[in-house]
Each structure stands twice: as C-alpha cells, then as structure tokens.
Amino acid sequence: KIAFLWEGERGEKKTLSYKNVYEEVNKLANVIKSLGVGKGDRVAIYMPMIPEAAFAMLACARIGAVHTVVFGGFSADSLKGRIQDAQAKLLITADGGYRRGKIVPLKETSDQAVAECPSIKHLLVVQHAENAITMNAGRDVWYHEAMGQAKKYCEPEQMDAEDILYILYTSGTTGKPKGIIHTTGGYMTSVTATTKWVFDLKEEDVFWCTADVGWVTGHSYIVYGPMANAATQVMFEGTPDYPQRNRFWKIIEEYKVSIFYTAPTAIRAFMKWGTQWPEGCDLSSLRLLGTVGEPINPEAWVWYYEVIGKKKCPVVDTWWQTETGSILIAPLPAITPLKPGSATRPLPGIEAAVLTEDGKTVEHGGGYLSIKSPWPSMLRGIWGDQQRYIDTYWSRWE
C-alpha cells in the first residue's frame, strides 16, 4: 500500500510504501537512540515538507521520545525559544528547503538558534537542497550517513496511554508560546476515528491535506490520523502559486486526489486568482472537500463547492485547534445537512455548548463556544507550566 506520493517544489517525485516508511522509521529510531535520546527525552524537528519530517516524528514515537516540531518558516529566535523551553537534546533539520524557487537556509538558522541552547547535544541533518552549510564536528551528523549504518529493526518502547507523545507550541495571542501536551492513547484514538468519520475514508482514496507538519493539522491529519488508517497521501513541499497558480490543481489531476483538505485563506486566494486555473485541470477524481484553520466565509464555501467540487463534493468545514488535538465540530459527509460558513454540529461523543459570560447556555444568538465534557485527544497540560494550563483553559467557569 502506498503511504506517500511526495512531490518536491522543483517537481522531484518519490513513491513510498508503508513498508518503506516502516523500514526508514525503524532505522531512524536506532539513529536517534545512538545519539543519546531515550524515552521521555525531547527532540526538536525543524524541517521542510519532505518524507523525513514524518519519519522523524514516527521514529521519536517509536522510542518514546517526545517530539516538538517547529514550522520551517520560523526564525532562529522562535526555534531557540521552543528548544530552550522543551530542553530538547537533539535537533533534526535539513540543509535547506525550497520556497517559491528560493532556498530556505534551515541549517544556518538552526546553528544560530542552538548557539544559545546548551541542552542540544547533536544536530541530525538531512541533505535536501544541497546548499553549502557548515557541519560542526562532533555535534552535527549527516542523516544519510547515520542511516546507512543503522540497524533495520528497533523494538518499540512500551508506552502508557497517558505518556506524552508530543509537545506543540501554539503562539497564542499573548506572551510566550504555550507548549501544548498531547498524550499517546487518547490522541491516537481521536485522530484515527475522526479521519475515518469526517473524511469518509475508503481503501482506495488518495488523501491530500495541504498543511505543514509544523502545525497541528499536519500532525493529526498527515502523520497520525491518516497513517493509522493506512491512507495513501500526497505530500507536497511547495506553495500553490509556484511556478504557476495552478500547482495544486495539477497535483490533484496527476495523483487523482479524492479528498482535498485545505485552509479558507488558500481558498480565498484561489478565488482572487480566477477560475481559469482550476478549470484548466481535470479535478474529476475529487469526491470530498475539507477546510481547516479558521472559519470559512459563505462566499468562499460556495465558490469551493461549485468551482472545485463541481457541486458534487460535500464540504466538511472542521472546527478544532491545537489544544483539542482532533476535529470536534464538523459535518459528517452525506449525513449532516450542510450550511455554507457553518461547521454544523459536534461529532458523536463531543458535548459542545454556547455559553454566556456567566456560564448559562445560550439558546439563540452568540456567546463562548465551550466543550462541556472530556474527549480523548484533549490537551493534558502546558509543558512546564501547570498553573498557566489551569488559568488559561479551566478558570472561566466551574
């Protein structure tokens, strides 16, 4: 079964089966262990959208190390702050990535960041863009060299359901980023179930979530949820407008994508660029469309439904966030009546309510969206700051 159909910004292609991924993850798990990382240790990942980013997350999970992925577009300061907060021992990065034809110097940025991170013992560096970089002897290790010598099998670490799987920093609106903690059992339960329910996932589907692994959407609906369901996925390194504004539509046409999950911001950009781009490609393989990341305005919803879905694909508008771990409110395709601009109803098992300032239920009109009872993938804490966790999420109402 194909796990990833990967396309690089410059048009390079790789097809990876689940067996390929399994072998790479096992070898990488052994490499990470050989660099002194064990169960409970933190590993920072700062990568472009290449298969090795997923391997790195899964290899950490296999040995019980806690990964914290930092979006490859973030600055040295942002990377440094997250590494320092998590006290990561290892940073997995690449020489560089591509963005709109330019090289993003990830290794150079990593060097600046870790100069002030004494907890980091090693950098493991993937050769991707082949840009000139400086390797620091004794500290920096080439990924391909270490993988070439690695054993092919790594015994998976036994984990408790409540052991930490990962920390993901959410910038929030104020103050320093919060290290949101997700655990092993509950998180996997929610992302596996919601991938199946919300996207009506079938054996033959080709699923494409356009998020970056640096965000929770990439964690939940590229690496963990779809892979737990053995989905075949497209993974793409570039942007929708490079080299032309039809890049996404060409990818859908080429790989016969059946489920397409993207952000309202992207959809509004597609609207501005005009219908000639999608109309120039064959999008007939699509059967389900999804949106994520922010509310979608009704105009963008209707455009997406009519122009991209040709009025035959349900649009699942998903409400969730880093803290919830998985989708909580969304239509179930072909079951829930759709309403443009609305995420419709909570999923089975999710008890949501709209409340007033003093905690009373609102029957008509607006208020605070709240979740009244626990769900499997809810955040379990803020890394190193339990008081901030209580104050931020649990102090408004009894």
# chains A, B, ... in the order shown; residues from 1 in each chain; ligands from 1
>>> select_by_dssp(residues="range 11-171 of chain A", states="strand (DSSP E or B)", output="ChimeraX atom specification")
/A:13-17,42-46,66-69,90-94,97-99,102-104,122-126,140-142,164-170
>>> closest_atom_pairs(of="range 276-303 of chain A", to="range 327-347 of chain A", cutoff="10 Å", atoms="only C-alpha atoms", output="JSON lines")
{"residue": "A:Leu288", "atom": "CA", "partner": "A:Pro333", "partner_atom": "CA", "distance": 8.1}
{"residue": "A:Leu289", "atom": "CA", "partner": "A:Pro333", "partner_atom": "CA", "distance": 9.7}
{"residue": "A:Gly290", "atom": "CA", "partner": "A:Ala330", "partner_atom": "CA", "distance": 9.6}
{"residue": "A:Thr291", "atom": "CA", "partner": "A:Ala343", "partner_atom": "CA", "distance": 9.5}
{"residue": "A:Val292", "atom": "CA", "partner": "A:Ile327", "partner_atom": "CA", "distance": 9.3}
{"residue": "A:Pro295", "atom": "CA", "partner": "A:Gly341", "partner_atom": "CA", "distance": 7.0}
{"residue": "A:Ile296", "atom": "CA", "partner": "A:Gly341", "partner_atom": "CA", "distance": 5.3}
{"residue": "A:Asn297", "atom": "CA", "partner": "A:Gly341", "partner_atom": "CA", "distance": 5.0}
{"residue": "A:Pro298", "atom": "CA", "partner": "A:Gly341", "partner_atom": "CA", "distance": 4.4}
{"residue": "A:Glu299", "atom": "CA", "partner": "A:Pro340", "partner_atom": "CA", "distance": 7.8}
{"residue": "A:Ala300", "atom": "CA", "partner": "A:Gly341", "partner_atom": "CA", "distance": 8.3}
{"residue": "A:Trp301", "atom": "CA", "partner": "A:Pro340", "partner_atom": "CA", "distance": 5.6}
{"residue": "A:Val302", "atom": "CA", "partner": "A:Pro340", "partner_atom": "CA", "distance": 6.6}
>>> closest_residue(among="A:Arg245, A:Ile222, A:Thr194, A:Gly274", to="Trp320 in chain A", atoms="only C-alpha atoms")
A:Thr194
>>> closest_atom_pairs(of="range 132-248 of chain A", to="range 117-123 of chain A", cutoff="9 Å", atoms="only C-alpha atoms", output="Markdown table")
| residue | atom | partner | partner_atom | distance |
| --- | --- | --- | --- | --- |
| A:Asn136 | CA | A:Leu123 | CA | 8.9 |
| A:Gly138 | CA | A:His122 | CA | 8.0 |
| A:Arg139 | CA | A:His122 | CA | 4.7 |
| A:Asp140 | CA | A:Leu123 | CA | 4.7 |
| A:Val141 | CA | A:Leu123 | CA | 6.1 |
| A:Trp142 | CA | A:Leu123 | CA | 8.4 |
>>> write_last_selection(atoms="N, CA, C and O atoms", output="CSV table (one decimal), in the first residue's frame")
chain,number,residue,atom,x,y,z
A,136,ASN,N,29.4,21.0,12.1
A,136,ASN,CA,30.2,21.2,13.3
A,136,ASN,C,30.7,19.8,13.8
A,136,ASN,O,29.9,19.0,14.3
A,138,GLY,N,31.7,16.6,15.6
A,138,GLY,CA,31.4,16.1,17.0
A,138,GLY,C,29.9,16.4,17.4
A,138,GLY,O,29.3,15.6,18.2
A,139,ARG,N,29.4,17.4,16.8
A,139,ARG,CA,28.0,17.8,17.2
A,139,ARG,C,27.0,17.4,16.0
A,139,ARG,O,25.9,16.8,16.2
A,140,ASP,N,27.4,17.8,14.8
A,140,ASP,CA,26.5,17.6,13.7
A,140,ASP,C,26.7,16.3,12.9
A,140,ASP,O,27.8,15.8,12.7
A,141,VAL,N,25.6,15.6,12.6
A,141,VAL,CA,25.7,14.3,12.0
A,141,VAL,C,24.8,14.3,10.7
A,141,VAL,O,23.7,14.8,10.7
A,142,TRP,N,25.4,13.8,9.6
A,142,TRP,CA,24.6,13.7,8.4
A,142,TRP,C,23.6,12.6,8.5
A,142,TRP,O,24.0,11.4,8.8
>>> residues_around(residues="range 213-217 of chain A", least_positions_apart="6", cutoff="10 Å", atoms="only C-alpha atoms", output="VMD selection string")
chain A and resid 45 to 50 53 to 54 57 68 to 74 168 to 170 223 to 225 261 to 262 292 to 293 320 to 327
>>> atom_distance(atom1="CA of Thr189 in chain A", atom2="CA of Pro376 in chain A")
6.7 Å
>>> residues_around(residues="Asn229 in chain A", least_positions_apart="5", cutoff="9 Å", atoms="only C-alpha atoms", output="PyMOL selection string")
chain A and resi 192-193+195-196+201+203+224
>>> write_last_selection(atoms="N, CA, C and O atoms", output="PDB file, in the first residue's frame")
ATOM      1  N   THR A 192      -7.538   8.916  14.781  1.00  0.00           N
ATOM      2  CA  THR A 192      -7.864   7.757  13.938  1.00  0.00           C
ATOM      3  C   THR A 192      -9.353   7.739  13.614  1.00  0.00           C
ATOM      4  O   THR A 192      -9.754   7.571  12.454  1.00  0.00           O
ATOM      5  N   ALA A 193     -10.181   7.937  14.639  1.00  0.00           N
ATOM      6  CA  ALA A 193     -11.643   7.911  14.439  1.00  0.00           C
ATOM      7  C   ALA A 193     -12.114   9.073  13.567  1.00  0.00           C
ATOM      8  O   ALA A 193     -12.893   8.871  12.633  1.00  0.00           O
ATOM      9  N   THR A 195     -10.471  10.873  11.357  1.00  0.00           N
ATOM     10  CA  THR A 195     -10.033  10.749   9.959  1.00  0.00           C
ATOM     11  C   THR A 195     -11.024   9.876   9.196  1.00  0.00           C
ATOM     12  O   THR A 195     -11.414  10.176   8.069  1.00  0.00           O
ATOM     13  N   LYS A 196     -11.446   8.796   9.840  1.00  0.00           N
ATOM     14  CA  LYS A 196     -12.365   7.849   9.200  1.00  0.00           C
ATOM     15  C   LYS A 196     -13.757   8.469   9.028  1.00  0.00           C
ATOM     16  O   LYS A 196     -14.366   8.378   7.975  1.00  0.00           O
ATOM     17  N   LEU A 201     -13.206   7.987   4.900  1.00  0.00           N
ATOM     18  CA  LEU A 201     -12.026   7.411   4.257  1.00  0.00           C
ATOM     19  C   LEU A 201     -12.259   5.983   3.768  1.00  0.00           C
ATOM     20  O   LEU A 201     -12.744   5.133   4.496  1.00  0.00           O
ATOM     21  N   GLU A 203     -10.560   2.605   1.326  1.00  0.00           N
ATOM     22  CA  GLU A 203      -9.290   1.932   0.998  1.00  0.00           C
ATOM     23  C   GLU A 203      -8.596   2.572  -0.218  1.00  0.00           C
ATOM     24  O   GLU A 203      -7.389   2.747  -0.235  1.00  0.00           O
ATOM     25  N   TYR A 224      -0.438  11.276  11.826  1.00  0.00           N
ATOM     26  CA  TYR A 224      -1.017  10.271  12.725  1.00  0.00           C
ATOM     27  C   TYR A 224      -2.368   9.705  12.286  1.00  0.00           C
ATOM     28  O   TYR A 224      -2.522   8.496  12.193  1.00  0.00           O
TER      29      TYR A 224
END
>>> atom_distance(atom1="CA of Met235 in chain A", atom2="CA of Thr210 in chain A")
7.6 Å
>>> residues_around(residues="range 352-359 of chain A", least_positions_apart="2", cutoff="6 Å", atoms="only C-alpha atoms", output="PyMOL selection string")
chain A and resi 361-362+367-372
>>> residues_around(residues="Lys178 in chain A", least_positions_apart="2", cutoff="10 Å", atoms="only C-alpha atoms", output="PyMOL selection string")
chain A and resi 82+85+167-172+174-176+180-181+381-385+388-389
>>> write_last_selection(atoms="N, CA, C and O atoms", output="mmCIF file, in the first residue's frame")
data_model
loop_
_atom_site.group_PDB
_atom_site.id
_atom_site.type_symbol
_atom_site.label_atom_id
_atom_site.label_comp_id
_atom_site.auth_asym_id
_atom_site.auth_seq_id
_atom_site.Cartn_x
_atom_site.Cartn_y
_atom_site.Cartn_z
ATOM 1 N N ARG A 82 11.672 27.664 21.672
ATOM 2 C CA ARG A 82 10.981 26.380 21.810
ATOM 3 C C ARG A 82 11.935 25.281 22.291
ATOM 4 O O ARG A 82 11.582 24.455 23.130
ATOM 5 N N ASP A 85 12.650 25.943 25.996
ATOM 6 C CA ASP A 85 11.518 25.615 26.862
ATOM 7 C C ASP A 85 11.385 24.099 27.036
ATOM 8 O O ASP A 85 11.150 23.604 28.129
ATOM 9 N N ILE A 167 4.917 17.614 22.181
ATOM 10 C CA ILE A 167 4.631 18.990 22.618
ATOM 11 C C ILE A 167 4.537 19.803 21.335
ATOM 12 O O ILE A 167 5.376 19.655 20.448
ATOM 13 N N LEU A 168 3.528 20.652 21.228
ATOM 14 C CA LEU A 168 3.448 21.555 20.076
ATOM 15 C C LEU A 168 3.162 22.959 20.598
ATOM 16 O O LEU A 168 2.200 23.176 21.335
ATOM 17 N N TYR A 169 4.026 23.883 20.218
ATOM 18 C CA TYR A 169 3.905 25.254 20.728
ATOM 19 C C TYR A 169 2.887 26.027 19.918
ATOM 20 O O TYR A 169 2.948 26.059 18.691
ATOM 21 N N THR A 170 1.941 26.632 20.625
ATOM 22 C CA THR A 170 0.956 27.482 19.966
ATOM 23 C C THR A 170 1.295 28.911 20.346
ATOM 24 O O THR A 170 1.534 29.217 21.509
ATOM 25 N N SER A 171 1.357 29.780 19.322
ATOM 26 C CA SER A 171 1.820 31.138 19.596
ATOM 27 C C SER A 171 0.856 31.877 20.508
ATOM 28 O O SER A 171 1.250 32.702 21.302
ATOM 29 N N GLY A 172 -0.452 31.540 20.406
ATOM 30 C CA GLY A 172 -1.404 32.252 21.272
ATOM 31 C C GLY A 172 -1.428 33.721 20.907
ATOM 32 O O GLY A 172 -0.695 34.172 20.031
ATOM 33 N N THR A 174 -1.047 36.195 23.285
ATOM 34 C CA THR A 174 -0.215 36.995 24.195
ATOM 35 C C THR A 174 0.890 36.133 24.785
ATOM 36 O O THR A 174 0.769 34.929 24.887
ATOM 37 N N GLY A 175 1.964 36.802 25.169
ATOM 38 C CA GLY A 175 3.010 36.136 25.937
ATOM 39 C C GLY A 175 3.778 35.101 25.150
ATOM 40 O O GLY A 175 3.651 34.973 23.942
ATOM 41 N N LYS A 176 4.587 34.329 25.886
ATOM 42 C CA LYS A 176 5.444 33.351 25.198
ATOM 43 C C LYS A 176 4.614 32.158 24.747
ATOM 44 O O LYS A 176 3.570 31.856 25.322
ATOM 45 N N ILE A 180 1.825 22.936 24.195
ATOM 46 C CA ILE A 180 0.644 22.089 24.401
ATOM 47 C C ILE A 180 1.073 20.622 24.424
ATOM 48 O O ILE A 180 1.767 20.159 23.521
ATOM 49 N N ILE A 181 0.625 19.892 25.450
ATOM 50 C CA ILE A 181 0.998 18.488 25.608
ATOM 51 C C ILE A 181 -0.115 17.575 25.105
ATOM 52 O O ILE A 181 -1.270 17.714 25.525
ATOM 53 N N GLY A 381 -1.878 19.397 29.302
ATOM 54 C CA GLY A 381 -1.133 20.370 30.102
ATOM 55 C C GLY A 381 -0.392 21.322 29.203
ATOM 56 O O GLY A 381 -0.416 21.193 27.974
ATOM 57 N N ILE A 382 0.253 22.297 29.826
ATOM 58 C CA ILE A 382 1.216 23.170 29.139
ATOM 59 C C ILE A 382 2.576 22.776 29.705
ATOM 60 O O ILE A 382 2.745 22.713 30.928
ATOM 61 N N TRP A 383 3.515 22.466 28.824
ATOM 62 C CA TRP A 383 4.819 21.966 29.240
ATOM 63 C C TRP A 383 5.469 22.914 30.247
ATOM 64 O O TRP A 383 5.658 24.099 29.965
ATOM 65 N N GLY A 384 5.745 22.381 31.435
ATOM 66 C CA GLY A 384 6.468 23.144 32.455
ATOM 67 C C GLY A 384 5.667 24.245 33.131
ATOM 68 O O GLY A 384 6.232 25.051 33.864
ATOM 69 N N ASP A 385 4.356 24.319 32.881
ATOM 70 C CA ASP A 385 3.583 25.433 33.452
ATOM 71 C C ASP A 385 2.133 25.017 33.717
ATOM 72 O O ASP A 385 1.209 25.464 33.041
ATOM 73 N N ARG A 388 -0.447 27.860 34.366
ATOM 74 C CA ARG A 388 -0.918 28.567 33.168
ATOM 75 C C ARG A 388 -1.996 27.738 32.449
ATOM 76 O O ARG A 388 -2.952 28.281 31.905
ATOM 77 N N TYR A 389 -1.832 26.417 32.482
ATOM 78 C CA TYR A 389 -2.826 25.495 31.895
ATOM 79 C C TYR A 389 -4.175 25.681 32.584
ATOM 80 O O TYR A 389 -5.209 25.859 31.934
#
>>> closest_atom_pairs(of="range 166-233 of chain A", to="range 251-258 of chain A", cutoff="10 Å", atoms="only C-alpha atoms", output="JSON lines")
{"residue": "A:Leu201", "atom": "CA", "partner": "A:Ser258", "partner_atom": "CA", "distance": 9.7}
{"residue": "A:Lys202", "atom": "CA", "partner": "A:Ser258", "partner_atom": "CA", "distance": 9.9}
{"residue": "A:Glu204", "atom": "CA", "partner": "A:Ser258", "partner_atom": "CA", "distance": 9.0}
{"residue": "A:Asp205", "atom": "CA", "partner": "A:Ser258", "partner_atom": "CA", "distance": 5.8}
{"residue": "A:Val206", "atom": "CA", "partner": "A:Val257", "partner_atom": "CA", "distance": 4.8}
{"residue": "A:Phe207", "atom": "CA", "partner": "A:Val257", "partner_atom": "CA", "distance": 6.1}
{"residue": "A:Trp208", "atom": "CA", "partner": "A:Val257", "partner_atom": "CA", "distance": 6.7}
{"residue": "A:Thr232", "atom": "CA", "partner": "A:Val257", "partner_atom": "CA", "distance": 9.6}
{"residue": "A:Gln233", "atom": "CA", "partner": "A:Val257", "partner_atom": "CA", "distance": 8.5}
>>> write_last_selection(atoms="C-alpha atoms", output="short mmCIF file (atom, residue, chain, number, x, y, z; two decimals), in the first residue's frame")
data_model
loop_
_atom_site.label_atom_id
_atom_site.label_comp_id
_atom_site.auth_asym_id
_atom_site.auth_seq_id
_atom_site.Cartn_x
_atom_site.Cartn_y
_atom_site.Cartn_z
CA LEU A 201 -12.03 7.41 4.26
CA LYS A 202 -12.02 4.43 1.90
CA GLU A 204 -8.78 3.39 -2.50
CA ASP A 205 -8.77 7.11 -1.54
CA VAL A 206 -5.89 9.47 -2.25
CA PHE A 207 -5.92 11.95 0.63
CA TRP A 208 -4.22 15.34 0.48
CA THR A 232 -2.44 6.86 0.67
CA GLN A 233 -1.46 10.52 0.85
#
>>> closest_residue(among="A:Ile350, A:Leu35, A:Leu5, A:Ala61", to="Ser373 in chain A", atoms="only C-alpha atoms")
A:Ile350
>>> residues_around(residues="Glu116 in chain A", least_positions_apart="3", cutoff="8 Å", atoms="only C-alpha atoms", output="list in words")
Lys80, Gln112 and Ala113 of chain A
>>> closest_residue(among="A:Phe236, A:Tyr22, A:Tyr305, A:Tyr153", to="Gly218 in chain A", atoms="only C-alpha atoms")
A:Phe236
>>> closest_residue(among="A:Gly64, A:Leu28, A:Ser75, A:Asn20", to="Leu165 in chain A", atoms="only C-alpha atoms")
A:Gly64
>>> closest_residue(among="A:Lys1, A:His128, A:Lys250, A:Lys107", to="Ser17 in chain A", atoms="only C-alpha atoms")
A:Lys1
>>> atom_distance(atom1="CA of Lys102 in chain A", atom2="CA of Glu130 in chain A")
12.5 Å
>>> closest_residue(among="A:Pro374, A:Ala137, A:Arg100, A:Pro243", to="Gly349 in chain A", atoms="only C-alpha atoms")
A:Pro374
